[in-house]
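Structure file input_38.cif (mmCIF, C-alpha atoms and all ligand atoms) follows.
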data_work
#
loop_
_atom_site.label_atom_id
_atom_site.label_comp_id
_atom_site.auth_asym_id
_atom_site.auth_seq_id
_atom_site.Cartn_x
_atom_site.Cartn_y
_atom_site.Cartn_z
CA MET A 1 68.62 87.36 63.36
CA VAL A 2 71.84 87.54 65.38
CA ARG A 3 71.22 88.40 68.99
CA GLN A 4 73.80 89.61 71.44
CA VAL A 5 73.20 87.98 74.83
CA LEU A 6 75.40 89.47 77.52
CA ILE A 7 75.34 87.71 80.90
CA LEU A 8 76.66 89.35 84.06
CA LEU A 9 77.57 86.90 86.82
CA GLY A 10 78.72 87.82 90.30
CA ALA A 11 77.86 87.60 93.99
CA PRO A 12 75.17 89.75 95.59
CA GLY A 13 76.65 93.25 95.74
CA ALA A 14 79.37 92.53 93.17
CA GLY A 15 78.11 95.44 91.06
CA LYS A 16 75.99 93.66 88.43
CA GLY A 17 73.16 96.19 88.60
CA THR A 18 75.51 99.20 88.71
CA GLN A 19 77.31 98.03 85.59
CA ALA A 20 74.21 96.67 83.83
CA VAL A 21 72.53 100.08 83.80
CA ARG A 22 75.63 101.68 82.26
CA LEU A 23 76.33 98.86 79.81
CA ALA A 24 72.71 98.80 78.66
CA ASP A 25 72.96 102.51 77.82
CA ALA A 26 76.36 102.14 76.13
CA LEU A 27 75.46 99.06 74.09
CA SER A 28 71.78 99.92 73.47
CA LEU A 29 70.64 96.62 74.92
CA PRO A 30 67.63 96.21 77.22
CA HIS A 31 68.63 95.54 80.84
CA VAL A 32 66.85 92.44 82.11
CA SER A 33 67.24 91.90 85.86
CA THR A 34 65.29 89.01 87.36
CA GLY A 35 65.58 90.61 90.82
CA ASP A 36 64.04 93.85 89.46
CA LEU A 37 61.31 91.84 87.69
CA PHE A 38 60.37 90.12 90.97
CA ARG A 39 60.37 93.46 92.81
CA GLU A 40 58.11 94.96 90.10
CA ASN A 41 55.74 92.01 90.46
CA LEU A 42 55.74 92.48 94.21
CA SER A 43 54.98 96.21 94.00
CA GLN A 44 52.13 95.45 91.57
CA GLY A 45 50.74 92.80 93.92
CA THR A 46 50.85 89.94 91.39
CA ALA A 47 50.61 86.28 92.39
CA LEU A 48 54.17 85.75 91.13
CA GLY A 49 55.44 88.59 93.33
CA GLU A 50 53.68 87.09 96.36
CA LYS A 51 55.22 83.68 95.68
CA ALA A 52 58.73 85.14 95.27
CA LYS A 53 58.61 87.39 98.33
CA GLY A 54 59.20 84.74 101.00
CA TYR A 55 62.27 83.40 99.21
CA MET A 56 63.74 86.84 98.57
CA ASP A 57 63.16 88.07 102.13
CA SER A 58 64.94 85.04 103.53
CA GLY A 59 67.87 85.31 101.10
CA ALA A 60 67.07 82.08 99.25
CA LEU A 61 66.80 81.69 95.50
CA VAL A 62 63.33 81.63 93.99
CA PRO A 63 62.55 78.16 92.49
CA ASP A 64 63.82 77.73 88.93
CA GLU A 65 60.43 77.20 87.29
CA LEU A 66 59.10 80.55 88.54
CA VAL A 67 62.23 82.38 87.38
CA VAL A 68 62.57 80.73 83.98
CA ASP A 69 58.95 81.36 82.90
CA MET A 70 59.19 85.00 83.93
CA LEU A 71 62.54 85.46 82.17
CA PHE A 72 61.39 83.82 78.93
CA ASP A 73 58.30 85.98 78.91
CA ARG A 74 60.48 89.10 79.28
CA VAL A 75 63.11 88.22 76.66
CA GLY A 76 60.37 87.17 74.25
CA ARG A 77 59.21 90.78 73.93
CA ASP A 78 60.02 92.88 70.88
CA ASP A 79 62.68 95.06 72.50
CA CYS A 80 64.84 91.96 73.08
CA GLY A 81 64.79 90.94 69.40
CA GLY A 82 68.30 92.32 68.81
CA GLY A 83 69.71 91.01 72.08
CA TYR A 84 69.62 91.73 75.80
CA LEU A 85 71.73 92.06 78.91
CA LEU A 86 71.03 89.61 81.74
CA ASP A 87 71.65 90.73 85.34
CA GLY A 88 71.05 88.05 87.97
CA PHE A 89 70.15 85.24 85.57
CA PRO A 90 71.12 82.42 85.24
CA ARG A 91 71.71 81.72 88.92
CA THR A 92 71.64 77.91 88.84
CA VAL A 93 72.99 75.37 86.37
CA ALA A 94 69.38 74.36 85.60
CA GLN A 95 68.62 77.98 84.63
CA ALA A 96 71.73 78.08 82.40
CA GLU A 97 70.58 74.87 80.70
CA ALA A 98 67.08 76.26 80.18
CA LEU A 99 68.48 79.42 78.61
CA GLY A 100 70.87 77.40 76.48
CA SER A 101 68.03 75.32 75.06
CA ARG A 102 66.17 78.48 74.08
CA LEU A 103 69.09 80.18 72.31
CA GLY A 104 69.85 79.52 68.65
CA ALA A 105 73.12 78.99 66.81
CA ASP A 106 73.18 82.65 65.76
CA ASP A 107 72.98 84.01 69.29
CA ARG A 108 76.28 85.40 70.46
CA VAL A 109 76.64 84.74 74.15
CA ARG A 110 79.23 86.56 76.23
CA VAL A 111 79.63 85.92 79.95
CA ILE A 112 81.33 88.34 82.32
CA ASP A 113 81.97 87.36 85.94
CA ILE A 114 82.46 90.36 88.25
CA GLU A 115 84.63 89.14 91.12
CA VAL A 116 84.47 90.70 94.60
CA PRO A 117 85.53 88.95 97.83
CA ASP A 118 82.84 88.24 100.44
CA SER A 119 84.65 90.56 102.87
CA ALA A 120 83.66 93.62 100.78
CA ILE A 121 80.06 92.61 100.18
CA VAL A 122 78.28 93.39 103.46
CA GLU A 123 79.39 97.02 103.52
CA ARG A 124 78.34 97.48 99.91
CA ILE A 125 74.90 96.00 100.40
CA THR A 126 73.98 97.62 103.70
CA GLY A 127 74.86 101.07 102.25
CA ARG A 128 73.01 100.59 98.97
CA LEU A 129 70.20 102.84 97.75
CA SER A 130 68.17 101.77 94.71
CA CYS A 131 65.97 103.79 92.34
CA GLY A 132 62.47 102.35 92.23
CA SER A 133 61.86 103.83 88.76
CA CYS A 134 64.90 103.10 86.58
CA GLY A 135 66.92 100.56 88.59
CA ALA A 136 69.99 102.78 89.03
CA VAL A 137 72.04 101.90 92.10
CA TYR A 138 73.86 104.17 94.57
CA HIS A 139 75.81 103.79 97.79
CA ARG A 140 75.64 106.15 100.76
CA THR A 141 79.46 106.40 100.88
CA PHE A 142 80.94 104.93 97.70
CA ASN A 143 78.54 106.40 95.15
CA PRO A 144 76.15 108.94 96.70
CA PRO A 145 73.44 110.59 94.56
CA ALA A 146 73.88 114.32 93.82
CA ALA A 147 70.67 115.16 95.72
CA GLU A 148 69.83 113.07 98.78
CA GLY A 149 67.00 110.59 98.21
CA SER A 150 66.58 111.23 94.48
CA CYS A 151 67.97 109.47 91.40
CA ASP A 152 70.52 111.36 89.26
CA ARG A 153 69.28 109.65 86.11
CA CYS A 154 65.51 109.98 86.39
CA GLY A 155 64.64 111.87 89.59
CA GLY A 156 62.92 108.77 91.03
CA ALA A 157 62.81 108.10 94.77
CA LEU A 158 65.70 106.10 96.28
CA SER A 159 65.10 103.47 98.92
CA GLN A 160 66.76 100.57 100.70
CA ARG A 161 65.80 97.06 99.59
CA ALA A 162 63.97 94.78 102.02
CA ASP A 163 66.65 92.07 101.66
CA ASP A 164 69.61 94.42 102.26
CA SER A 165 70.13 93.68 105.96
CA ALA A 166 73.39 92.19 107.25
CA GLU A 167 71.64 88.93 108.29
CA VAL A 168 69.95 88.32 104.95
CA VAL A 169 73.14 89.16 103.05
CA GLU A 170 74.91 86.24 104.75
CA LYS A 171 72.19 83.90 103.49
CA ARG A 172 72.32 85.37 99.97
CA LEU A 173 76.09 84.84 99.93
CA ALA A 174 75.66 81.23 101.03
CA ALA A 175 73.11 80.64 98.25
CA TYR A 176 75.52 82.25 95.79
CA HIS A 177 78.42 79.97 96.74
CA GLU A 178 76.31 76.81 96.72
CA GLN A 179 74.06 77.35 93.73
CA THR A 180 75.38 80.18 91.54
CA ALA A 181 79.17 79.87 91.64
CA PRO A 182 78.96 76.57 89.64
CA VAL A 183 77.27 78.49 86.78
CA ALA A 184 80.60 80.18 85.97
CA GLY A 185 82.27 76.79 85.54
CA TRP A 186 79.37 75.59 83.40
CA TYR A 187 79.88 78.51 81.00
CA ARG A 188 83.66 78.28 81.13
CA GLU A 189 83.45 74.80 79.65
CA ARG A 190 80.92 75.74 76.97
CA VAL A 191 81.31 79.33 75.76
CA GLY A 192 84.16 80.72 77.87
CA ILE A 193 83.89 83.48 80.44
CA GLN A 194 85.77 86.66 81.13
CA THR A 195 86.48 87.77 84.67
CA VAL A 196 86.63 91.37 85.80
CA ASP A 197 88.06 92.59 89.11
CA GLY A 198 85.01 94.15 90.78
CA THR A 199 87.01 95.79 93.57
CA GLN A 200 88.20 98.53 91.22
CA SER A 201 86.32 101.84 90.99
CA PRO A 202 82.92 101.67 89.24
CA ASP A 203 84.42 103.50 86.21
CA GLU A 204 87.28 101.00 85.94
CA VAL A 205 84.90 98.06 86.27
CA PHE A 206 82.73 99.62 83.56
CA SER A 207 85.66 100.03 81.14
CA ALA A 208 86.72 96.43 81.69
CA CYS A 209 83.17 95.08 81.23
CA ARG A 210 82.63 97.19 78.15
CA ALA A 211 85.83 95.90 76.56
CA CYS A 212 84.67 92.32 77.21
CA ALA A 213 81.16 93.01 75.92
CA GLU A 214 82.27 94.66 72.72
CA GLU A 215 84.10 91.54 71.68
CA VAL A 216 80.63 90.07 71.19
CA ALA A 217 79.92 92.37 68.31
CA SER A 218 83.24 91.87 66.55
P1 LIG B 301 69.02 90.48 92.82
O1 LIG B 301 68.20 91.68 92.80
O2 LIG B 301 69.60 89.99 91.57
O3 LIG B 301 70.15 90.64 93.92
P2 LIG B 301 71.65 90.05 94.03
O4 LIG B 301 72.13 89.10 93.04
O5 LIG B 301 71.69 89.59 95.43
O6 LIG B 301 72.53 91.17 93.65
P3 LIG B 301 72.43 92.60 94.11
O7 LIG B 301 71.38 93.32 93.32
O8 LIG B 301 72.29 92.63 95.60
O9 LIG B 301 73.89 93.13 93.77
P4 LIG B 301 74.51 93.68 92.43
O10 LIG B 301 75.56 92.75 91.96
O11 LIG B 301 73.46 94.08 91.46
O12 LIG B 301 75.26 94.96 93.02
P5 LIG B 301 74.94 96.52 92.87
O13 LIG B 301 75.35 96.99 91.53
O14 LIG B 301 73.56 96.83 93.32
O15 LIG B 301 68.18 89.27 93.44
C1 LIG B 301 67.42 89.47 94.64
C2 LIG B 301 66.71 88.18 95.00
O16 LIG B 301 65.78 87.83 93.95
C3 LIG B 301 67.60 86.94 95.14
O17 LIG B 301 68.14 86.85 96.45
C4 LIG B 301 66.60 85.81 94.83
O18 LIG B 301 65.76 85.55 95.92
C5 LIG B 301 65.75 86.43 93.74
N1 LIG B 301 66.28 86.14 92.39
C6 LIG B 301 66.69 87.05 91.45
N2 LIG B 301 67.11 86.44 90.33
C7 LIG B 301 66.98 85.11 90.57
C8 LIG B 301 67.28 83.95 89.79
N3 LIG B 301 67.78 84.04 88.55
N4 LIG B 301 67.02 82.73 90.35
C9 LIG B 301 66.50 82.62 91.58
N5 LIG B 301 66.21 83.68 92.37
C10 LIG B 301 66.45 84.91 91.86
O19 LIG B 301 76.01 97.11 93.92
C11 LIG B 301 75.88 96.88 95.33
C12 LIG B 301 76.34 98.13 96.09
O20 LIG B 301 77.75 98.31 95.90
C13 LIG B 301 75.67 99.43 95.65
O21 LIG B 301 75.45 100.25 96.76
C14 LIG B 301 76.73 100.07 94.70
O22 LIG B 301 76.63 101.48 94.69
C15 LIG B 301 78.02 99.59 95.32
N6 LIG B 301 79.07 99.38 94.30
C16 LIG B 301 78.91 98.85 93.06
N7 LIG B 301 80.10 98.80 92.40
C17 LIG B 301 81.02 99.31 93.27
C18 LIG B 301 82.44 99.51 93.17
N8 LIG B 301 83.12 99.19 92.06
N9 LIG B 301 83.07 100.06 94.24
C19 LIG B 301 82.37 100.39 95.38
N10 LIG B 301 81.02 100.21 95.53
C20 LIG B 301 80.37 99.68 94.47
MG MG B 302 71.35 93.97 91.43
ZN ZN B 303 66.25 106.38 88.42
#
I need this file expressed as C-alpha cells, please.
Ligand code: AP5
Ligand code: MG
Ligand code: ZN
Amino acid sequence: MVRQVLILLGAPGAGKGTQAVRLADALSLPHVSTGDLFRENLSQGTALGEKAKGYMDSGALVPDELVVDMLFDRVGRDDCGGGYLLDGFPRTVAQAEALGSRLGADDRVRVIDIEVPDSAIVERITGRLSCGSCGAVYHRTFNPPAAEGSCDRCGGALSQRADDSAEVVEKRLAAYHEQTAPVAGWYRERVGIQTVDGTQSPDEVFSACRACAEEVAS
C-alpha cells in the first residue's frame, strides 16, 4: 500500500507544530510529534518519559535508540497505514537512516524545511502556549487563543512548556545546528527537499507547506 510520509524539518520554534496540526487536518494524516510523544510519556509517568526528561529539560536531544523505538511503535499502528506526518523526527542523520531502512519502495516521502532565523526564535518560544489535549500551539502576542488559557480547537487547558525558557532555547538551537541541520542535506541528496519561508504569517506558511505536501499525492 502506498503511504504518504510527510516530514517537517525546522529549528525549535520554526512552526512545525503549528503547521503540522493544520496540515494533518487538511490532508487527513495522523500528526506524529516525537516531542509530544515524550511529553505524553512524561505525564503518564512511564519509564521512557523519565529517561527523556533530563535531556529535554537541558535542551539536548534524547538518544537515538529511545526515539527510534518509540517512533516505530507509533507509526506501526493502524491509523498510520495510509501515511503520516512527522513533526520533530528525524532529528539526526542516524534517525533519518533508521527511518529510511523501514520505508518501502512504495512510500512517497516529501520533506519540507521551514526556515526561520535564530534571531526570531527566542521571542516565539518564550511566548508560546501549548494545548495539553490536542497539541495545538498558540502565542501570547502572535497567535493568541480566543479565550485566555483555553484551546480554540478542543477547549483543553493551555500551558507553557518546561523547556521554553530563554536559557534552554539557546541549548536547543545549538543542538539543532549541530545535529539536525545536517538532516536537510541528507534528504536533499536522496529525495529532495522543499524549503518554506517560516517568517511569513502562519496562514502564508500553511499555504506554502500545503502546496509542497500535495505534490506527494500527485
Ligand atoms: P519538540 O517538541 O519537537 O520541540 P522543538 O523541535 O524544539 O520544536 P518546538 O516544538 O519548540 O517548535 P515548533 O517548530 O513546533 O514551533 P511551534 O509551531 O510550536 O522537542 C522537544 C524536545 O524533545 C527536544 O528538545 C528533544 O529533547 C526531544 N526530542 C523530540 N524529538 C526528538 C528526536 N527526534 N530526537 C531526539 N530528541 C527529540 O511555534 C513556536 C511558537 O511560534 C508558537 O508560539 C507559535 O504560535 C509561534 N509561531 C508559529 N508560526 C508562526 C509564524 N508564522 N509567525 C509568528 N509566530 C509563529
Ligand atoms: Mg513543536
Ligand atoms: Zn486543544
Counting all atoms listed in the file, closest pick from A:Ala14, A:Cys131, A:Leu8, A:Ala47 relative to ligand ZN 303 (chain B) is A:Cys131
Which of A:Gln95, A:Ser130, A:Gln4, A:Gln19 sits closest to ligand ZN 303 (chain B) [using all atoms listed in the file]:
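Of A:Gln95, A:Ser130, A:Gln4, A:Gln19, the one nearest ligand ZN 303 (chain B) is A:Ser130, counting all atoms listed in the file.
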Please identify every polymer residue within 7 Å of ligand LIG 301 (chain B), using all atoms listed in the file, and present the set as an NGL selection string.
:A and (10-19 or 33-36 or 38 or 55-56 or 59-64 or 67 or 87-92 or 124-125 or 127-129 or 137-139 or 142-143 or 172 or 198-202 or 205)
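Nearest to Ile193 in chain A of all the residues A:Leu66, A:Val75, A:Ile114, A:Cys134 is A:Ile114, counting only C-alpha atoms.
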CA of Gly192 in chain A and CA of Tyr176 in chain A, how far apart in Å?
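According to the coordinates, CA of Tyr176 in chain A and CA of Gly192 in chain A are separated by 20.0 Å.
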Let me have all residues with an atom within 8 Å of ligand ZN 303 (chain B), counting all atoms listed in the file, laid out as an mmCIF file with C-alpha atoms, keeping the file's coordinate frame.
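Written file, out-v4.cif:
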data_model
loop_
_atom_site.group_PDB
_atom_site.id
_atom_site.type_symbol
_atom_site.label_atom_id
_atom_site.label_comp_id
_atom_site.auth_asym_id
_atom_site.auth_seq_id
_atom_site.Cartn_x
_atom_site.Cartn_y
_atom_site.Cartn_z
ATOM 1 C CA CYS A 131 65.970 103.790 92.340
ATOM 2 C CA GLY A 132 62.470 102.350 92.230
ATOM 3 C CA SER A 133 61.860 103.830 88.760
ATOM 4 C CA CYS A 134 64.900 103.100 86.580
ATOM 5 C CA GLY A 135 66.920 100.560 88.590
ATOM 6 C CA ALA A 136 69.990 102.780 89.030
ATOM 7 C CA SER A 150 66.580 111.230 94.480
ATOM 8 C CA CYS A 151 67.970 109.470 91.400
ATOM 9 C CA ASP A 152 70.520 111.360 89.260
ATOM 10 C CA ARG A 153 69.280 109.650 86.110
ATOM 11 C CA CYS A 154 65.510 109.980 86.390
ATOM 12 C CA GLY A 155 64.640 111.870 89.590
ATOM 13 C CA GLY A 156 62.920 108.770 91.030
ATOM 14 C CA ALA A 157 62.810 108.100 94.770
ATOM 15 C CA LEU A 158 65.700 106.100 96.280
#
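Relative to CA of Val168 in chain A, CA of Gly185 in chain A is found at 25.7 Å.
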Which residue out of A:Val183, A:Leu86, A:Ala24, A:Leu29 has the minimum interatomic distance to ligand MG 302 (chain B) when only C-alpha atoms and all ligand atoms are used?
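Under the stated criterion, the closest residue is A:Leu86.
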Select, from A:Lys51, A:Arg210, A:Arg3, A:Arg161, the residue with the minimum atom-to-atom distance to ligand MG 302 (chain B), counting all atoms listed in the file.
A:Arg161
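Nearest to Ser101 in chain A of all the residues A:Thr126, A:Thr180, A:Val68, A:Asp118 is A:Val68, based on only C-alpha atoms.
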Taking all listed atoms of range 28-40 of chain A, build the axis-aligned box, pad each of the six sides by 5 Å, then write its centre and edge lengths in Å to one decimal as JSON.
{"center_x": 64.9, "center_y": 94.5, "center_z": 83.1, "size_x": 23.7, "size_y": 20.9, "size_z": 29.3}
Export N, CA, C and O atoms of range 24-55 of chain A from the structure just given, as a PDB file, in the first residue's frame?
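The new file selection_29.pdb reads:
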ATOM      1  N   ALA A  24      -2.257  18.178   9.131  1.00  0.00           N
ATOM      2  CA  ALA A  24      -2.832  16.865   9.447  1.00  0.00           C
ATOM      3  C   ALA A  24      -4.338  16.901   9.197  1.00  0.00           C
ATOM      4  O   ALA A  24      -4.903  15.971   8.618  1.00  0.00           O
ATOM      5  N   ASP A  25      -4.991  17.989   9.611  1.00  0.00           N
ATOM      6  CA  ASP A  25      -6.433  18.128   9.353  1.00  0.00           C
ATOM      7  C   ASP A  25      -6.696  18.183   7.853  1.00  0.00           C
ATOM      8  O   ASP A  25      -7.562  17.490   7.327  1.00  0.00           O
ATOM      9  N   ALA A  26      -5.930  19.018   7.147  1.00  0.00           N
ATOM     10  CA  ALA A  26      -6.191  19.250   5.719  1.00  0.00           C
ATOM     11  C   ALA A  26      -5.915  18.013   4.875  1.00  0.00           C
ATOM     12  O   ALA A  26      -6.602  17.764   3.882  1.00  0.00           O
ATOM     13  N   LEU A  27      -4.921  17.236   5.259  1.00  0.00           N
ATOM     14  CA  LEU A  27      -4.502  16.090   4.439  1.00  0.00           C
ATOM     15  C   LEU A  27      -5.007  14.768   4.995  1.00  0.00           C
ATOM     16  O   LEU A  27      -4.717  13.708   4.431  1.00  0.00           O
ATOM     17  N   SER A  28      -5.721  14.831   6.122  1.00  0.00           N
ATOM     18  CA  SER A  28      -6.214  13.609   6.794  1.00  0.00           C
ATOM     19  C   SER A  28      -5.087  12.626   7.079  1.00  0.00           C
ATOM     20  O   SER A  28      -5.199  11.420   6.805  1.00  0.00           O
ATOM     21  N   LEU A  29      -3.997  13.142   7.602  1.00  0.00           N
ATOM     22  CA  LEU A  29      -2.880  12.287   8.017  1.00  0.00           C
ATOM     23  C   LEU A  29      -2.717  12.415   9.530  1.00  0.00           C
ATOM     24  O   LEU A  29      -2.875  13.505  10.073  1.00  0.00           O
ATOM     25  N   PRO A  30      -2.383  11.316  10.227  1.00  0.00           N
ATOM     26  CA  PRO A  30      -2.105  11.462  11.655  1.00  0.00           C
ATOM     27  C   PRO A  30      -0.844  12.286  11.891  1.00  0.00           C
ATOM     28  O   PRO A  30       0.141  12.146  11.162  1.00  0.00           O
ATOM     29  N   HIS A  31      -0.904  13.145  12.903  1.00  0.00           N
ATOM     30  CA  HIS A  31       0.220  14.018  13.267  1.00  0.00           C
ATOM     31  C   HIS A  31       1.064  13.284  14.305  1.00  0.00           C
ATOM     32  O   HIS A  31       0.589  13.009  15.401  1.00  0.00           O
ATOM     33  N   VAL A  32       2.286  12.970  13.947  1.00  0.00           N
ATOM     34  CA  VAL A  32       3.174  12.238  14.855  1.00  0.00           C
ATOM     35  C   VAL A  32       4.327  13.161  15.254  1.00  0.00           C
ATOM     36  O   VAL A  32       5.210  13.455  14.450  1.00  0.00           O
ATOM     37  N   SER A  33       4.281  13.638  16.497  1.00  0.00           N
ATOM     38  CA  SER A  33       5.323  14.528  17.022  1.00  0.00           C
ATOM     39  C   SER A  33       6.089  13.777  18.098  1.00  0.00           C
ATOM     40  O   SER A  33       5.501  13.378  19.114  1.00  0.00           O
ATOM     41  N   THR A  34       7.387  13.587  17.906  1.00  0.00           N
ATOM     42  CA  THR A  34       8.155  12.864  18.923  1.00  0.00           C
ATOM     43  C   THR A  34       8.234  13.680  20.218  1.00  0.00           C
ATOM     44  O   THR A  34       8.216  13.103  21.311  1.00  0.00           O
ATOM     45  N   GLY A  35       8.282  15.000  20.121  1.00  0.00           N
ATOM     46  CA  GLY A  35       8.272  15.822  21.342  1.00  0.00           C
ATOM     47  C   GLY A  35       6.973  15.597  22.111  1.00  0.00           C
ATOM     48  O   GLY A  35       6.983  15.397  23.328  1.00  0.00           O
ATOM     49  N   ASP A  36       5.827  15.600  21.412  1.00  0.00           N
ATOM     50  CA  ASP A  36       4.539  15.365  22.084  1.00  0.00           C
ATOM     51  C   ASP A  36       4.495  13.955  22.675  1.00  0.00           C
ATOM     52  O   ASP A  36       3.954  13.756  23.772  1.00  0.00           O
ATOM     53  N   LEU A  37       5.052  12.969  21.967  1.00  0.00           N
ATOM     54  CA  LEU A  37       5.046  11.594  22.491  1.00  0.00           C
ATOM     55  C   LEU A  37       5.858  11.506  23.785  1.00  0.00           C
ATOM     56  O   LEU A  37       5.439  10.860  24.746  1.00  0.00           O
ATOM     57  N   PHE A  38       7.010  12.187  23.823  1.00  0.00           N
ATOM     58  CA  PHE A  38       7.792  12.189  25.075  1.00  0.00           C
ATOM     59  C   PHE A  38       7.011  12.890  26.189  1.00  0.00           C
ATOM     60  O   PHE A  38       6.994  12.431  27.335  1.00  0.00           O
ATOM     61  N   ARG A  39       6.375  14.011  25.861  1.00  0.00           N
ATOM     62  CA  ARG A  39       5.624  14.730  26.904  1.00  0.00           C
ATOM     63  C   ARG A  39       4.441  13.893  27.405  1.00  0.00           C
ATOM     64  O   ARG A  39       4.133  13.907  28.603  1.00  0.00           O
ATOM     65  N   GLU A  40       3.798  13.132  26.511  1.00  0.00           N
ATOM     66  CA  GLU A  40       2.717  12.229  26.957  1.00  0.00           C
ATOM     67  C   GLU A  40       3.270  11.167  27.901  1.00  0.00           C
ATOM     68  O   GLU A  40       2.678  10.859  28.931  1.00  0.00           O
ATOM     69  N   ASN A  41       4.420  10.592  27.521  1.00  0.00           N
ATOM     70  CA  ASN A  41       5.041   9.580  28.374  1.00  0.00           C
ATOM     71  C   ASN A  41       5.370  10.151  29.751  1.00  0.00           C
ATOM     72  O   ASN A  41       5.183   9.492  30.766  1.00  0.00           O
ATOM     73  N   LEU A  42       5.850  11.384  29.725  1.00  0.00           N
ATOM     74  CA  LEU A  42       6.218  12.024  30.994  1.00  0.00           C
ATOM     75  C   LEU A  42       4.979  12.231  31.860  1.00  0.00           C
ATOM     76  O   LEU A  42       4.987  11.932  33.063  1.00  0.00           O
ATOM     77  N   SER A  43       3.892  12.719  31.244  1.00  0.00           N
ATOM     78  CA  SER A  43       2.697  12.995  32.055  1.00  0.00           C
ATOM     79  C   SER A  43       2.065  11.701  32.548  1.00  0.00           C
ATOM     80  O   SER A  43       1.386  11.685  33.574  1.00  0.00           O
ATOM     81  N   GLN A  44       2.329  10.584  31.851  1.00  0.00           N
ATOM     82  CA  GLN A  44       1.794   9.291  32.311  1.00  0.00           C
ATOM     83  C   GLN A  44       2.773   8.583  33.252  1.00  0.00           C
ATOM     84  O   GLN A  44       2.497   7.466  33.700  1.00  0.00           O
ATOM     85  N   GLY A  45       3.922   9.207  33.494  1.00  0.00           N
ATOM     86  CA  GLY A  45       4.884   8.622  34.433  1.00  0.00           C
ATOM     87  C   GLY A  45       5.550   7.351  33.942  1.00  0.00           C
ATOM     88  O   GLY A  45       5.944   6.498  34.742  1.00  0.00           O
ATOM     89  N   THR A  46       5.707   7.169  32.628  1.00  0.00           N
ATOM     90  CA  THR A  46       6.361   5.942  32.132  1.00  0.00           C
ATOM     91  C   THR A  46       7.877   6.027  32.308  1.00  0.00           C
ATOM     92  O   THR A  46       8.449   7.114  32.457  1.00  0.00           O
ATOM     93  N   ALA A  47       8.520   4.851  32.223  1.00  0.00           N
ATOM     94  CA  ALA A  47       9.982   4.803  32.338  1.00  0.00           C
ATOM     95  C   ALA A  47      10.621   5.584  31.189  1.00  0.00           C
ATOM     96  O   ALA A  47      11.628   6.279  31.374  1.00  0.00           O
ATOM     97  N   LEU A  48      10.034   5.489  30.002  1.00  0.00           N
ATOM     98  CA  LEU A  48      10.573   6.222  28.854  1.00  0.00           C
ATOM     99  C   LEU A  48      10.509   7.731  29.098  1.00  0.00           C
ATOM    100  O   LEU A  48      11.469   8.457  28.828  1.00  0.00           O
ATOM    101  N   GLY A  49       9.378   8.193  29.625  1.00  0.00           N
ATOM    102  CA  GLY A  49       9.237   9.617  29.930  1.00  0.00           C
ATOM    103  C   GLY A  49      10.286  10.078  30.935  1.00  0.00           C
ATOM    104  O   GLY A  49      10.889  11.140  30.776  1.00  0.00           O
ATOM    105  N   GLU A  50      10.516   9.260  31.965  1.00  0.00           N
ATOM    106  CA  GLU A  50      11.529   9.601  32.975  1.00  0.00           C
ATOM    107  C   GLU A  50      12.915   9.699  32.360  1.00  0.00           C
ATOM    108  O   GLU A  50      13.703  10.584  32.683  1.00  0.00           O
ATOM    109  N   LYS A  51      13.218   8.750  31.459  1.00  0.00           N
ATOM    110  CA  LYS A  51      14.541   8.763  30.811  1.00  0.00           C
ATOM    111  C   LYS A  51      14.703  10.001  29.938  1.00  0.00           C
ATOM    112  O   LYS A  51      15.776  10.591  29.864  1.00  0.00           O
ATOM    113  N   ALA A  52      13.639  10.393  29.239  1.00  0.00           N
ATOM    114  CA  ALA A  52      13.731  11.512  28.293  1.00  0.00           C
ATOM    115  C   ALA A  52      13.801  12.863  28.997  1.00  0.00           C
ATOM    116  O   ALA A  52      14.392  13.815  28.481  1.00  0.00           O
ATOM    117  N   LYS A  53      13.211  12.939  30.180  1.00  0.00           N
ATOM    118  CA  LYS A  53      13.025  14.238  30.840  1.00  0.00           C
ATOM    119  C   LYS A  53      14.327  15.033  31.010  1.00  0.00           C
ATOM    120  O   LYS A  53      14.380  16.216  30.691  1.00  0.00           O
ATOM    121  N   GLY A  54      15.369  14.382  31.497  1.00  0.00           N
ATOM    122  CA  GLY A  54      16.622  15.094  31.757  1.00  0.00           C
ATOM    123  C   GLY A  54      17.188  15.719  30.487  1.00  0.00           C
ATOM    124  O   GLY A  54      17.686  16.852  30.507  1.00  0.00           O
ATOM    125  N   TYR A  55      17.117  14.987  29.399  1.00  0.00           N
ATOM    126  CA  TYR A  55      17.616  15.508  28.125  1.00  0.00           C
ATOM    127  C   TYR A  55      16.771  16.706  27.688  1.00  0.00           C
ATOM    128  O   TYR A  55      17.299  17.747  27.286  1.00  0.00           O
TER     129      TYR A  55
END
